[in-house]
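A.B. asks: Below: one structure in structure tokens.
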Number of protein chains: 2
Amino acid sequence: MFIKNLPHKTVERLSQYRRALLLILSKEKTHVFSHEIAQMLHITPVQVRRDLMLIGYSGNLRKGYDIKELIDLIGKIIDSERGQRVAVVGLGNLGKAFISYFKGKRSKLSMIAAFDVNPEKINRVFDGVPCYHINQLPEIIKQNNISIGIITVPSEQAPEIAEALVLSGIKGILNYTPKPLNVPAYVYLEEYDMITSLEKVAFFAKKNDERFK
Amino acid sequence: MFIKNLPHKTVERLSQYRRALLLILSKEKTHVFSHEIAQMLHITPVQVRRDLMLIGYSGNLRKGYDIKELIDLIGKIIDSERGQRVAVVGLGNLGKAFISYFKGKRSKLSMIAAFDVNPEKINRVFDGVPCYHINQLPEIIKQNNISIGIITVPSEQAPEIAEALVLSGIKGILNYTPKPLNVPAYVYLEEYDMITSLEKVAFFAKKNDERFK
DNA sequence: TTTTTGTTGTGAAACTTTACACATGTCCAC
DNA sequence: GTGGACATGTGTAAAGTTTCACAACAAAAA
């Protein structure tokens, strides 16, 4: 399913809508209003309607949106039909956290492999995900047609990991190290830095505090 | 130090500038150009200059920006003079990851406490941070004047934790659970959802892949 | 039948963030 | 000194995102 140029923020919210909707779907409740979705995510109803407009979904004027239909439509848009396989590089606390969070979430995304250098972790299975030595990365990525890589190694090693991932044919990278990475344009890169978001919270908390004093 | 309404994105970048600058500061290199900073973070030089303009910092036309001065100025703006104390609620993999990431980063932020319900973790020290039972949260938060809380508990428990944090006088919350929280306006709330960002990467990776095919 | 109520869908405005374009200034080379 | 090379600082435009305001409409109530 194709929608021309869906905004980044809308894509994020669609993922959240779907998860929220899955939680409230039941025999008794088959429809939902924009203000109900909005309330669950603490955003405005207009925002919800605008997002749904962008994906071309129409609700019922009196009953709201058909929950099941909407879940399916979001799936058609954000999921890949054939599914996508994911690997975590770096099985430290953060890598493990990701795998645990992921577990049980039914999804078109499947966590296939983890990589590390620690001999105690290699060739063992963590929460259903096998861990390999980083040397095997190209081989495993290619064999299993893994298209998404999550980098949770110490930041000094992030660039070489990214390069290895790119050379192995990865399509998207989620980088949790503070080291900004360089990848070709055909690889989608998302960077997230925990320290930065903590410093941001600290800044606005301080500011809020002054403002409300 | 006060700057009127610094944009959110600028605050995030300032935190990143500072970290990048700390890495390159040395006897030999005392100044830096906007395009050098830009290159390190993979953004445009104009963006860097605009951010520095917003915080009122002027560089030297020929030598660029004085690294040390700039680091100090950023500190004056984003740090709180008296420092801020941080606690992690939920000492699972994610909570541990946060503490480890944090360790060693000199900063005006100090990680003071962790909370959990698992008896094996309570009253032990992880990476220099003591872990308490969640029942002790209000007491410890108040006694230690902790102003920032990071929530890394299972998502069902997030709302009650948030409420406890707010009642204990917290000023900012960083929520890593997918459960959107409700907090009063005087508490700054930042939400980050790992699954959503993974689904986002998956979506744009898929799209990129189609585009470059 | 008519009015009231409450919802969706959306053009247009407002706000936020980034990029362009270029005036200004400094140093170096000649 | 005069011109060239190269930075900074910034008005303004552009792009991205959210919100306002309201038309359109369906069902229930009067």
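How things are named: the first chain in the structure tokens is A, the next is B, and so on; residues count from 1 in each chain; ligands count from 1 in the order shown.
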Which neighbours of range 190-204 of chain A fall inside 9 Å, counting only C-alpha atoms (C1' of nucleotides), when residues of the same chain fewer than 2 positions from it are skipped, and could you give them as a short mmCIF file (atom, residue, chain, number, x, y, z; two decimals) with all heavy atoms, in the first residue's frame?

C.D. replies:
```
data_model
loop_
_atom_site.label_atom_id
_atom_site.label_comp_id
_atom_site.auth_asym_id
_atom_site.auth_seq_id
_atom_site.Cartn_x
_atom_site.Cartn_y
_atom_site.Cartn_z
N GLY A 172 18.03 -0.65 7.09
CA GLY A 172 17.74 0.36 8.09
C GLY A 172 18.56 0.13 9.34
O GLY A 172 18.80 -1.01 9.72
N ILE A 173 19.00 1.22 9.98
CA ILE A 173 19.80 1.11 11.19
C ILE A 173 19.22 1.99 12.27
O ILE A 173 18.85 3.14 12.03
CB ILE A 173 21.27 1.52 10.92
CG1 ILE A 173 21.95 0.50 10.00
CG2 ILE A 173 22.04 1.66 12.23
CD1 ILE A 173 23.39 0.86 9.65
N LEU A 174 19.14 1.43 13.46
CA LEU A 174 18.71 2.19 14.63
C LEU A 174 19.92 2.25 15.55
O LEU A 174 20.35 1.24 16.08
CB LEU A 174 17.54 1.44 15.29
CG LEU A 174 16.84 2.02 16.48
CD1 LEU A 174 16.55 3.50 16.31
CD2 LEU A 174 15.52 1.27 16.72
N ASN A 175 20.46 3.45 15.70
CA ASN A 175 21.72 3.61 16.42
C ASN A 175 21.50 4.17 17.82
O ASN A 175 21.08 5.31 17.98
CB ASN A 175 22.64 4.54 15.62
CG ASN A 175 23.93 4.86 16.35
OD1 ASN A 175 24.41 4.07 17.16
ND2 ASN A 175 24.49 6.04 16.08
N TYR A 176 21.81 3.38 18.83
CA TYR A 176 21.64 3.83 20.20
C TYR A 176 22.92 4.35 20.83
O TYR A 176 22.94 4.67 22.01
CB TYR A 176 21.06 2.70 21.06
CG TYR A 176 19.58 2.64 20.96
CD1 TYR A 176 18.97 1.80 20.04
CD2 TYR A 176 18.77 3.47 21.74
CE1 TYR A 176 17.58 1.76 19.92
CE2 TYR A 176 17.41 3.43 21.62
CZ TYR A 176 16.82 2.59 20.71
OH TYR A 176 15.47 2.56 20.59
N THR A 177 23.98 4.41 20.06
CA THR A 177 25.20 4.98 20.61
C THR A 177 25.21 6.49 20.32
O THR A 177 24.56 6.95 19.40
CB THR A 177 26.45 4.36 19.98
OG1 THR A 177 26.66 4.92 18.68
CG2 THR A 177 26.33 2.86 19.86
N PRO A 178 25.95 7.24 21.12
CA PRO A 178 26.00 8.68 20.89
C PRO A 178 26.87 9.07 19.69
O PRO A 178 27.00 10.24 19.38
CB PRO A 178 26.58 9.23 22.19
CG PRO A 178 27.26 8.09 22.83
CD PRO A 178 26.66 6.83 22.33
N LYS A 179 27.45 8.10 19.05
CA LYS A 179 28.34 8.38 17.92
C LYS A 179 27.53 8.51 16.63
O LYS A 179 26.94 7.54 16.18
CB LYS A 179 29.32 7.21 17.77
CG LYS A 179 30.39 7.45 16.74
CD LYS A 179 31.70 7.69 17.42
CE LYS A 179 32.75 8.12 16.44
NZ LYS A 179 33.91 8.68 17.13
N PRO A 180 27.52 9.69 16.02
CA PRO A 180 26.76 9.85 14.77
C PRO A 180 27.40 9.02 13.67
O PRO A 180 28.61 9.01 13.51
CB PRO A 180 26.89 11.35 14.47
CG PRO A 180 27.28 11.98 15.76
CD PRO A 180 28.11 10.95 16.47
N LEU A 181 26.59 8.34 12.90
CA LEU A 181 27.10 7.42 11.89
C LEU A 181 26.92 7.97 10.49
O LEU A 181 26.06 8.80 10.23
CB LEU A 181 26.36 6.09 11.99
CG LEU A 181 26.49 5.37 13.33
CD1 LEU A 181 25.66 4.10 13.33
CD2 LEU A 181 27.94 5.06 13.64
N TYR A 188 18.30 3.69 5.64
CA TYR A 188 17.64 4.63 6.53
C TYR A 188 18.27 4.55 7.91
O TYR A 188 18.41 3.47 8.48
CB TYR A 188 16.14 4.35 6.62
CG TYR A 188 15.44 5.33 7.53
CD1 TYR A 188 15.05 6.58 7.06
CD2 TYR A 188 15.21 5.03 8.87
CE1 TYR A 188 14.44 7.50 7.90
CE2 TYR A 188 14.59 5.95 9.71
CZ TYR A 188 14.22 7.17 9.21
OH TYR A 188 13.62 8.09 10.05
N LYS A 206 14.15 22.06 34.72
CA LYS A 206 14.68 23.24 35.41
C LYS A 206 13.88 24.47 35.00
O LYS A 206 13.43 25.26 35.84
CB LYS A 206 16.15 23.40 35.02
CG LYS A 206 16.80 24.70 35.43
CD LYS A 206 18.27 24.78 34.97
CE LYS A 206 18.43 24.94 33.48
NZ LYS A 206 19.34 26.01 33.04
N LYS A 207 13.66 24.61 33.71
CA LYS A 207 12.96 25.77 33.20
C LYS A 207 11.52 25.82 33.72
O LYS A 207 11.05 26.86 34.18
CB LYS A 207 12.94 25.70 31.66
CG LYS A 207 12.98 27.06 31.00
CD LYS A 207 12.91 26.92 29.49
CE LYS A 207 11.83 27.80 28.93
NZ LYS A 207 11.34 27.40 27.62
N ASN A 208 10.84 24.68 33.63
CA ASN A 208 9.48 24.57 34.15
C ASN A 208 9.44 24.99 35.60
O ASN A 208 8.55 25.71 36.03
CB ASN A 208 9.05 23.10 34.08
CG ASN A 208 7.91 22.90 33.10
OD1 ASN A 208 7.43 23.86 32.52
ND2 ASN A 208 7.50 21.68 32.92
N ASP A 209 10.41 24.50 36.33
CA ASP A 209 10.45 24.74 37.75
C ASP A 209 10.53 26.24 38.04
O ASP A 209 9.84 26.76 38.92
CB ASP A 209 11.67 24.02 38.32
CG ASP A 209 11.53 23.84 39.81
OD1 ASP A 209 10.40 23.70 40.28
OD2 ASP A 209 12.57 23.87 40.49
N HIS B 8 13.25 23.17 21.35
CA HIS B 8 13.58 21.82 21.82
C HIS B 8 14.74 21.21 21.06
O HIS B 8 15.66 20.65 21.64
CB HIS B 8 12.35 20.91 21.71
CG HIS B 8 11.33 21.15 22.76
ND1 HIS B 8 10.61 20.15 23.37
CD2 HIS B 8 10.92 22.29 23.35
CE1 HIS B 8 9.80 20.65 24.26
NE2 HIS B 8 9.97 21.95 24.27
N VAL B 11 18.07 22.60 22.04
CA VAL B 11 18.55 22.09 23.33
C VAL B 11 19.20 20.73 23.13
O VAL B 11 20.29 20.46 23.64
CB VAL B 11 17.39 21.99 24.34
CG1 VAL B 11 17.86 21.31 25.61
CG2 VAL B 11 16.84 23.37 24.65
N GLU B 12 18.55 19.88 22.36
CA GLU B 12 19.13 18.56 22.11
C GLU B 12 20.50 18.70 21.45
O GLU B 12 21.45 18.02 21.83
CB GLU B 12 18.21 17.75 21.19
CG GLU B 12 16.93 17.31 21.87
CD GLU B 12 15.99 16.56 20.91
OE1 GLU B 12 16.41 16.27 19.77
OE2 GLU B 12 14.85 16.30 21.32
N ARG B 13 20.57 19.57 20.46
CA ARG B 13 21.85 19.69 19.76
C ARG B 13 22.93 20.29 20.65
O ARG B 13 24.10 19.90 20.57
CB ARG B 13 21.67 20.50 18.48
CG ARG B 13 21.08 19.68 17.34
CD ARG B 13 21.14 20.46 16.04
NE ARG B 13 20.40 21.70 16.13
CZ ARG B 13 19.14 21.84 15.72
NH1 ARG B 13 18.49 20.84 15.18
NH2 ARG B 13 18.53 23.01 15.83
N LEU B 14 22.55 21.23 21.52
CA LEU B 14 23.55 21.81 22.40
C LEU B 14 24.19 20.71 23.25
O LEU B 14 25.41 20.69 23.44
CB LEU B 14 22.90 22.87 23.30
CG LEU B 14 22.52 24.17 22.60
CD1 LEU B 14 21.78 25.10 23.56
CD2 LEU B 14 23.76 24.87 22.05
N SER B 15 23.37 19.82 23.74
CA SER B 15 23.91 18.70 24.52
C SER B 15 24.90 17.90 23.67
O SER B 15 25.96 17.50 24.13
CB SER B 15 22.74 17.83 24.99
OG SER B 15 23.15 16.51 25.25
N GLN B 16 24.56 17.72 22.41
CA GLN B 16 25.45 16.95 21.54
C GLN B 16 26.70 17.74 21.18
O GLN B 16 27.80 17.17 21.11
CB GLN B 16 24.69 16.54 20.27
CG GLN B 16 23.63 15.51 20.59
CD GLN B 16 22.68 15.25 19.43
OE1 GLN B 16 22.56 16.06 18.52
NE2 GLN B 16 22.01 14.11 19.47
N ILE B 77 24.01 27.27 30.25
CA ILE B 77 22.63 27.32 29.77
C ILE B 77 21.84 26.05 30.09
O ILE B 77 20.74 26.11 30.62
CB ILE B 77 22.59 27.57 28.26
CG1 ILE B 77 23.06 29.00 27.99
CG2 ILE B 77 21.20 27.34 27.70
CD1 ILE B 77 23.39 29.26 26.56
N ILE B 78 22.42 24.90 29.77
CA ILE B 78 21.59 23.71 29.95
C ILE B 78 21.73 23.07 31.32
O ILE B 78 20.83 22.38 31.76
CB ILE B 78 21.76 22.66 28.82
CG1 ILE B 78 23.11 21.96 28.87
CG2 ILE B 78 21.55 23.28 27.46
CD1 ILE B 78 23.24 20.90 27.79
N ASP B 79 22.83 23.31 32.00
CA ASP B 79 22.94 22.74 33.34
C ASP B 79 22.26 23.63 34.37
O ASP B 79 22.15 24.83 34.19
CB ASP B 79 24.41 22.57 33.73
CG ASP B 79 25.11 21.52 32.90
OD1 ASP B 79 24.42 20.64 32.37
OD2 ASP B 79 26.35 21.60 32.77
N SER B 80 21.87 22.99 35.43
CA SER B 80 21.38 23.75 36.56
C SER B 80 22.58 24.04 37.45
O SER B 80 23.45 23.19 37.64
CB SER B 80 20.35 22.93 37.32
OG SER B 80 20.17 23.47 38.60
N GLN B 84 21.55 18.55 39.26
CA GLN B 84 20.26 17.89 39.42
C GLN B 84 20.50 16.41 39.68
O GLN B 84 21.40 15.82 39.12
CB GLN B 84 19.42 18.08 38.14
CG GLN B 84 18.88 19.49 37.99
CD GLN B 84 18.30 19.76 36.61
OE1 GLN B 84 17.11 19.63 36.38
NE2 GLN B 84 19.15 20.12 35.67
N PHE B 98 20.91 2.27 31.29
CA PHE B 98 20.96 3.70 31.51
C PHE B 98 22.06 4.06 32.50
O PHE B 98 22.85 4.98 32.28
CB PHE B 98 19.61 4.20 32.01
CG PHE B 98 19.25 5.50 31.41
CD1 PHE B 98 18.28 5.58 30.43
CD2 PHE B 98 19.94 6.66 31.76
CE1 PHE B 98 17.99 6.78 29.84
CE2 PHE B 98 19.64 7.86 31.17
CZ PHE B 98 18.66 7.93 30.21
N TYR B 101 25.49 3.60 30.84
CA TYR B 101 25.75 4.68 29.89
C TYR B 101 26.18 5.93 30.62
O TYR B 101 27.04 6.68 30.18
CB TYR B 101 24.48 5.01 29.09
CG TYR B 101 24.42 4.37 27.75
CD1 TYR B 101 24.66 3.01 27.59
CD2 TYR B 101 24.12 5.11 26.61
CE1 TYR B 101 24.59 2.42 26.36
CE2 TYR B 101 24.06 4.52 25.37
CZ TYR B 101 24.30 3.17 25.25
OH TYR B 101 24.23 2.59 24.02
N PHE B 102 25.51 6.14 31.71
CA PHE B 102 25.65 7.37 32.44
C PHE B 102 26.98 7.48 33.16
O PHE B 102 27.56 8.56 33.29
CB PHE B 102 24.54 7.41 33.48
CG PHE B 102 24.21 8.79 33.88
CD1 PHE B 102 23.40 9.56 33.06
CD2 PHE B 102 24.69 9.33 35.05
CE1 PHE B 102 23.10 10.86 33.41
CE2 PHE B 102 24.39 10.62 35.39
CZ PHE B 102 23.59 11.39 34.58
N LEU B 109 24.55 16.31 36.26
CA LEU B 109 23.51 15.36 36.63
C LEU B 109 24.15 14.22 37.40
O LEU B 109 25.16 13.68 36.96
CB LEU B 109 22.83 14.81 35.38
CG LEU B 109 22.19 15.84 34.44
CD1 LEU B 109 21.65 15.15 33.20
CD2 LEU B 109 21.09 16.59 35.16
N SER B 147 15.35 15.33 41.35
CA SER B 147 14.39 16.09 40.55
C SER B 147 14.04 15.44 39.22
O SER B 147 13.12 15.88 38.54
CB SER B 147 14.91 17.51 40.32
OG SER B 147 16.13 17.47 39.63
N ILE B 148 14.78 14.41 38.82
CA ILE B 148 14.51 13.76 37.54
C ILE B 148 14.31 12.26 37.75
O ILE B 148 15.11 11.62 38.43
CB ILE B 148 15.70 13.89 36.57
CG1 ILE B 148 16.25 15.33 36.55
CG2 ILE B 148 15.35 13.40 35.18
CD1 ILE B 148 15.48 16.27 35.73
N ILE B 150 13.60 8.47 35.78
CA ILE B 150 13.54 7.72 34.54
C ILE B 150 12.72 6.47 34.80
O ILE B 150 13.04 5.70 35.70
CB ILE B 150 14.96 7.31 34.09
CG1 ILE B 150 15.84 8.55 33.96
CG2 ILE B 150 14.92 6.54 32.78
CD1 ILE B 150 17.32 8.22 33.76
N LYS B 171 10.60 16.87 39.16
CA LYS B 171 10.40 17.99 38.23
C LYS B 171 10.37 17.56 36.77
O LYS B 171 9.84 18.26 35.91
CB LYS B 171 11.52 19.01 38.40
CG LYS B 171 11.64 19.59 39.80
CD LYS B 171 10.40 20.37 40.18
CE LYS B 171 10.63 21.24 41.41
NZ LYS B 171 10.90 20.46 42.62
N GLY B 172 10.99 16.41 36.48
CA GLY B 172 11.02 15.94 35.10
C GLY B 172 10.99 14.43 35.06
O GLY B 172 11.56 13.77 35.92
N ILE B 173 10.30 13.89 34.05
CA ILE B 173 10.20 12.44 33.91
C ILE B 173 10.56 12.03 32.49
O ILE B 173 10.13 12.66 31.52
CB ILE B 173 8.77 11.96 34.23
CG1 ILE B 173 8.45 12.14 35.72
CG2 ILE B 173 8.58 10.50 33.83
CD1 ILE B 173 7.05 11.74 36.11
N LEU B 174 11.36 10.99 32.42
CA LEU B 174 11.71 10.41 31.13
C LEU B 174 11.09 9.02 31.12
O LEU B 174 11.50 8.14 31.86
CB LEU B 174 13.24 10.35 31.02
CG LEU B 174 13.91 9.86 29.76
CD1 LEU B 174 13.28 10.44 28.52
CD2 LEU B 174 15.40 10.20 29.80
N VAL B 187 5.40 19.52 35.66
CA VAL B 187 6.39 18.44 35.50
C VAL B 187 6.66 18.26 34.02
O VAL B 187 5.73 18.11 33.23
CB VAL B 187 5.87 17.12 36.10
CG1 VAL B 187 6.83 15.98 35.80
CG2 VAL B 187 5.67 17.26 37.60
N TYR B 188 7.92 18.30 33.64
CA TYR B 188 8.24 18.12 32.23
C TYR B 188 8.31 16.63 31.93
O TYR B 188 8.99 15.88 32.63
CB TYR B 188 9.57 18.78 31.87
CG TYR B 188 9.91 18.60 30.41
CD1 TYR B 188 9.38 19.45 29.45
CD2 TYR B 188 10.73 17.56 29.98
CE1 TYR B 188 9.65 19.28 28.11
CE2 TYR B 188 11.01 17.38 28.64
CZ TYR B 188 10.48 18.24 27.71
OH TYR B 188 10.74 18.06 26.38
N LEU B 189 7.61 16.23 30.88
CA LEU B 189 7.55 14.80 30.55
C LEU B 189 8.07 14.55 29.14
O LEU B 189 7.66 15.21 28.19
CB LEU B 189 6.10 14.33 30.63
CG LEU B 189 5.82 12.91 30.14
CD1 LEU B 189 6.51 11.88 31.02
CD2 LEU B 189 4.31 12.65 30.10
N GLU B 190 8.97 13.60 29.04
CA GLU B 190 9.46 13.19 27.73
C GLU B 190 9.21 11.70 27.60
O GLU B 190 9.56 10.92 28.47
CB GLU B 190 10.97 13.49 27.62
CG GLU B 190 11.64 12.92 26.41
CD GLU B 190 11.86 13.96 25.31
OE1 GLU B 190 11.42 15.11 25.47
OE2 GLU B 190 12.46 13.59 24.29
N SER B 197 10.06 3.47 17.57
CA SER B 197 11.17 3.91 16.73
C SER B 197 11.66 2.77 15.84
O SER B 197 12.09 3.01 14.71
CB SER B 197 12.29 4.55 17.53
OG SER B 197 12.72 3.70 18.52
N LEU B 198 11.55 1.54 16.32
CA LEU B 198 11.92 0.43 15.45
C LEU B 198 10.94 0.30 14.28
O LEU B 198 11.35 0.10 13.13
CB LEU B 198 11.96 -0.88 16.24
CG LEU B 198 12.40 -2.09 15.43
CD1 LEU B 198 13.81 -1.90 14.88
CD2 LEU B 198 12.34 -3.36 16.27
N LYS B 200 9.29 2.63 13.00
CA LYS B 200 9.56 3.75 12.10
C LYS B 200 10.73 3.43 11.18
O LYS B 200 10.66 3.65 9.96
CB LYS B 200 9.86 4.99 12.93
CG LYS B 200 10.08 6.23 12.12
CD LYS B 200 10.44 7.41 13.02
CE LYS B 200 10.87 8.61 12.24
NZ LYS B 200 11.40 9.69 13.12
N VAL B 201 11.80 2.92 11.75
CA VAL B 201 12.95 2.54 10.92
C VAL B 201 12.52 1.52 9.89
O VAL B 201 12.87 1.62 8.71
CB VAL B 201 14.09 1.97 11.78
CG1 VAL B 201 15.17 1.37 10.90
CG2 VAL B 201 14.67 3.05 12.68
#
```

A.B. asks: Please identify every residue of chain B that has at least one atom no more than 10 Å from any atom of chain D, counting only C-alpha atoms (C1' of nucleotides), and report them as an mmCIF file with N, CA, C and O atoms, in the first residue's frame.

C.D. replies:
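Here's the written file result-v4.cif:
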```cif
data_model
loop_
_atom_site.group_PDB
_atom_site.id
_atom_site.type_symbol
_atom_site.label_atom_id
_atom_site.label_comp_id
_atom_site.auth_asym_id
_atom_site.auth_seq_id
_atom_site.Cartn_x
_atom_site.Cartn_y
_atom_site.Cartn_z
ATOM 1 N N PHE B 33 35.560 25.314 13.826
ATOM 2 C CA PHE B 33 34.678 26.004 12.887
ATOM 3 C C PHE B 33 33.290 25.373 12.889
ATOM 4 O O PHE B 33 33.148 24.186 13.214
ATOM 5 N N SER B 34 32.323 26.126 12.477
ATOM 6 C CA SER B 34 30.956 25.586 12.456
ATOM 7 C C SER B 34 30.872 24.353 11.558
ATOM 8 O O SER B 34 30.168 23.403 11.865
ATOM 9 N N HIS B 35 31.619 24.366 10.459
ATOM 10 C CA HIS B 35 31.498 23.208 9.579
ATOM 11 C C HIS B 35 32.150 21.961 10.174
ATOM 12 O O HIS B 35 31.784 20.843 9.833
ATOM 13 N N VAL B 46 25.121 25.817 8.871
ATOM 14 C CA VAL B 46 24.166 26.892 9.176
ATOM 15 C C VAL B 46 23.402 26.575 10.448
ATOM 16 O O VAL B 46 23.157 27.458 11.273
ATOM 17 N N ARG B 49 25.538 27.346 13.373
ATOM 18 C CA ARG B 49 25.667 28.788 13.619
ATOM 19 C C ARG B 49 24.374 29.378 14.158
ATOM 20 O O ARG B 49 24.378 30.229 15.047
ATOM 21 N N ARG B 50 23.259 28.899 13.630
ATOM 22 C CA ARG B 50 21.967 29.393 14.119
ATOM 23 C C ARG B 50 21.790 29.048 15.600
ATOM 24 O O ARG B 50 21.364 29.881 16.394
ATOM 25 N N LEU B 52 24.090 28.574 17.810
ATOM 26 C CA LEU B 52 24.999 29.375 18.624
ATOM 27 C C LEU B 52 24.517 30.819 18.683
ATOM 28 O O LEU B 52 24.666 31.500 19.697
ATOM 29 N N MET B 53 23.913 31.258 17.594
ATOM 30 C CA MET B 53 23.332 32.591 17.592
ATOM 31 C C MET B 53 22.243 32.677 18.662
ATOM 32 O O MET B 53 22.156 33.653 19.404
ATOM 33 N N SER B 58 29.307 34.319 20.061
ATOM 34 C CA SER B 58 29.950 34.761 18.842
ATOM 35 C C SER B 58 31.318 34.123 18.702
ATOM 36 O O SER B 58 32.077 34.040 19.662
ATOM 37 N N GLY B 59 31.604 33.709 17.503
ATOM 38 C CA GLY B 59 32.901 33.106 17.253
ATOM 39 C C GLY B 59 33.865 34.124 16.694
ATOM 40 O O GLY B 59 33.514 35.280 16.444
ATOM 41 N N ASN B 60 35.064 33.662 16.506
ATOM 42 C CA ASN B 60 36.074 34.505 15.895
ATOM 43 C C ASN B 60 36.053 34.252 14.397
ATOM 44 O O ASN B 60 36.091 33.115 13.946
ATOM 45 N N LEU B 61 35.976 35.341 13.665
ATOM 46 C CA LEU B 61 35.790 35.230 12.224
ATOM 47 C C LEU B 61 36.864 34.402 11.543
ATOM 48 O O LEU B 61 36.623 33.735 10.548
ATOM 49 N N ARG B 62 38.023 34.426 12.101
ATOM 50 C CA ARG B 62 39.118 33.719 11.442
ATOM 51 C C ARG B 62 39.451 32.369 12.086
ATOM 52 O O ARG B 62 39.881 31.443 11.419
ATOM 53 N N LYS B 63 39.238 32.284 13.391
ATOM 54 C CA LYS B 63 39.638 31.060 14.083
ATOM 55 C C LYS B 63 38.464 30.133 14.389
ATOM 56 O O LYS B 63 38.647 28.978 14.736
ATOM 57 N N GLY B 64 37.257 30.677 14.265
ATOM 58 C CA GLY B 64 36.093 29.876 14.602
ATOM 59 C C GLY B 64 35.663 30.105 16.035
ATOM 60 O O GLY B 64 35.800 31.212 16.565
ATOM 61 N N TYR B 65 35.171 29.061 16.690
ATOM 62 C CA TYR B 65 34.663 29.188 18.049
ATOM 63 C C TYR B 65 35.668 28.638 19.052
ATOM 64 O O TYR B 65 36.272 27.603 18.826
#
```

A.B. asks: As a count of residues only, could you give me every residue of chain C near chain A (at most 10 Å apart, counting only C-alpha atoms (C1' of nucleotides))?

C.D. replies: 5

A.B. asks: Please measure the separation of CA of Asp72 in chain B and CA of Thr30 in chain B, giving the value in Å to one decimal.

C.D. replies: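 Answer for the CA of Asp72 in chain B to CA of Thr30 in chain B separation: 13.3 Å.
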
A.B. asks: For a quick check of understanding, using only C-alpha atoms, which of B:Ala164, B:Ala87, B:Ala158, B:Ala97 has the smallest distance to chain A?

C.D. replies: B:Ala97

A.B. asks: Work out how far CA of Leu54 in chain A is from CA of Leu6 in chain A, in Å to one decimal.

C.D. replies: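 Going from CA of Leu6 in chain A over to CA of Leu54 in chain A, I get 7.3 Å.
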
A.B. asks: Pick out each residue of range 17-196 of chain B that DSSP on the backbone tags as strand (DSSP E); I need them as a ChimeraX atom specification.

C.D. replies: /B:31-32,65-66,84-89,109-116,125-126,129-133,146-151,172-175,188-191

A.B. asks: Output the selection as a compact mmCIF listing (two decimals), in the first residue's frame - C-alpha atoms for each residue.

C.D. replies:
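This went into result.txt:
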```txt
# COMPACT_ATOMS: atom_id res chain seq x y z
CA HIS B 31 39.15 26.51 18.25
CA VAL B 32 36.62 24.92 15.97
CA TYR B 65 34.66 29.19 18.05
CA ASP B 66 36.69 28.88 21.22
CA GLN B 84 20.26 17.89 39.42
CA ARG B 85 19.83 14.46 40.89
CA VAL B 86 18.41 11.56 38.93
CA ALA B 87 16.78 8.25 39.83
CA VAL B 88 15.94 5.22 37.74
CA VAL B 89 12.76 3.36 38.56
CA LEU B 109 23.51 15.36 36.63
CA SER B 110 24.13 12.69 39.20
CA MET B 111 22.55 9.30 39.31
CA ILE B 112 21.59 8.87 42.93
CA ALA B 113 19.23 5.95 43.26
CA ALA B 114 17.52 3.05 41.57
CA PHE B 115 14.26 1.40 42.57
CA ASP B 116 12.92 -2.06 41.98
CA VAL B 125 24.69 -1.38 44.55
CA PHE B 126 24.73 -1.50 40.77
CA VAL B 129 24.08 3.32 42.29
CA PRO B 130 22.18 1.91 45.29
CA CYS B 131 18.88 0.13 44.69
CA TYR B 132 15.90 0.54 47.01
CA HIS B 133 12.46 -0.98 47.22
CA ILE B 146 15.98 14.10 43.35
CA SER B 147 14.39 16.09 40.55
CA ILE B 148 14.51 13.76 37.54
CA GLY B 149 13.03 10.28 37.26
CA ILE B 150 13.54 7.72 34.54
CA ILE B 151 10.81 5.12 34.26
CA GLY B 172 11.02 15.94 35.10
CA ILE B 173 10.20 12.44 33.91
CA LEU B 174 11.71 10.41 31.13
CA ASN B 175 9.31 7.61 30.29
CA TYR B 188 8.24 18.12 32.23
CA LEU B 189 7.55 14.80 30.55
CA GLU B 190 9.46 13.19 27.73
CA GLU B 191 8.26 9.92 26.29
```

A.B. asks: Name the residues of range 54-213 of chain B that fall into helix (DSSP H, G or I) according to DSSP on the backbone, using the chain letters and numbers of this document, as an MDAnalysis selection string.

C.D. replies: chainID B and resid 54 67:78 93:102 134:143 155:167 194:211
